[in-house]
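Working notes for the structure below.
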Amino acid sequence: MKGVIFNVIEETVRAEHGEDAWDELLDTAGLDGAYTSLGTYPDHEMAVLVQTASAALGLSQEELLRHLGRVGFSRLAARNADLMIDFKDARSLLLGLNSVIHPEVRKVYPGADVPVFDVVSGQGHRMSLSYRSNRGMCYLGEGLALGAADHFGETMVVTQPICQHRGGDHCELQFIWPEARR
Ligand code: HEM
C-alpha cells in the first residue's frame, strides 16, 4: 500500500483526535510509522492500524474504513488537484476510476497496486460498480465514493448487495442518488 494512503489517514487521526493520537496509535499497533507518500509498505501494516484504531475507538472496521475514506477523499483530491479537473460530478468521477484516476495514480505513485472498478449497470439515479482487489478494502471504497459525492455537493447513498466479507466472490458497490429519482 502506498504511503500516501497512510499519510491521509495520519492527517485525519491527528485532526480528529489530537496531535499525539497518531503516535499513540502507532505505539499500540507496534509500528514505527515513517511513511513517505511515494513509499510502498506492507498491506498488513494497514490492517494492523485499522484493527488497532477500531478497537481504540469502539467502531467496527467497516464503520472506521468508511469514515476514513469519506473524510480522506478531500485530502487525496487536494494532493492530486489536476486529476479532479475532468470531473463534474461523482458519477463521472466513479466512472473514471479505471480509465483516468487510478491509471494516473500509477504514474504519480510508482508501484501503486490499484483496485479495479468495472461498471455492472448504470441508469438514471442508480449505478453499480464491481470492486476487485486482493486487499478487501471495499468499505474504504464506499467512504471514498461518499467523499466524492460530498465534494460535488451531492446526496448519494452506497450499499453493497454483494460483498467479499459476506461470502461473495467479489464486491459490488451500488450508488443511488435519491434526489435524481424521477
Ligand atoms: C482523486 C481521487 C483519487 C485518488 C488520487 C486515488 C488514489 C489512490 C491511491 C494512491 C491508492 C493506493 C494504491 C496503492 O497503495 O497501491 C488508492 C487505493 C484505493 N482507491 Fe483510490 N483514489 C482516488 C479516488 C478513489 C475513489 C473515488 C474510490 C472509490 C470508489 C477509490 C477507491 C480506492 C480503494 C478502495 C483503494 C484501496 C486499495 C485497494 O482496495 O486495493 N479511489 N487510491
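All residue names refer to the C-alpha cells as shown: chains lettered A, B, ... in order, residues numbered from 1 in each chain, ligands numbered from 1 in order.
Proximity to range 13-27 of chain A at 9 Å, evaluated using only C-alpha atoms and with sequence-adjacent residues fewer than 4 positions away removed, yields Val8, Ile9, Leu31, Asp32, Gly33, Leu49, Thr52, Ala53, Ala56 and Leu68 of chain A.
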**OP:** Residues within 6 Å of ligand 1, counting only C-alpha atoms and all ligand atoms: report them as a PyMOL selection string.
**Re:** chain A and resi 1-2+5+76-77+80+94+105+112-115+133+135+137-138+140-141+144-145+148
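Residues in contact with Arg70 in chain A at 7 Å, where only C-alpha atoms are counted and same-chain residues fewer than 4 positions away are skipped, are listed as A:Arg66, A:Gly143, A:Leu144, A:Leu146, A:Gly147.
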Mind listing the strand (DSSP E or B) residues of range 52-128 of chain A, per DSSP on the backbone, as a ChimeraX atom specification?
-> /A:116-123,126-128
With C-alpha atoms retained, could you export that selection as an mmCIF file, in the first residue's frame?
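Listing of again_2.cif after writing:
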```cif
data_model
loop_
_atom_site.group_PDB
_atom_site.id
_atom_site.type_symbol
_atom_site.label_atom_id
_atom_site.label_comp_id
_atom_site.auth_asym_id
_atom_site.auth_seq_id
_atom_site.Cartn_x
_atom_site.Cartn_y
_atom_site.Cartn_z
ATOM 1 C CA VAL A 116 -10.438 -2.353 -10.323
ATOM 2 C CA PHE A 117 -13.950 -0.894 -10.550
ATOM 3 C CA ASP A 118 -15.967 -2.176 -13.554
ATOM 4 C CA VAL A 119 -19.426 -0.932 -14.499
ATOM 5 C CA VAL A 120 -22.127 -3.518 -13.773
ATOM 6 C CA SER A 121 -25.049 -1.236 -14.560
ATOM 7 C CA GLY A 122 -25.747 2.456 -14.630
ATOM 8 C CA GLN A 123 -29.098 4.006 -15.372
ATOM 9 C CA ARG A 126 -28.540 4.350 -9.901
ATOM 10 C CA MET A 127 -25.169 2.863 -10.784
ATOM 11 C CA SER A 128 -23.346 -0.313 -9.757
#
```
- Among chain A, which ones does DSSP place in helix (DSSP H, G or I), written as a PyMOL selection string? chain A and resi 3-17+21-29+43-57+61-79+81-84+90-95+97-108+138-151+164-166+178-180
What is the distance, in Å and to one decimal place, between CA of Thr28 in chain A and CA of Gln164 in chain A?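 Pair CA of Thr28 in chain A / CA of Gln164 in chain A returns 28.4 Å.
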In terms of only C-alpha atoms, the residue from A:Val71, A:Ile162, A:Met84, A:Ala149 at minimal distance from His102 in chain A is A:Met84
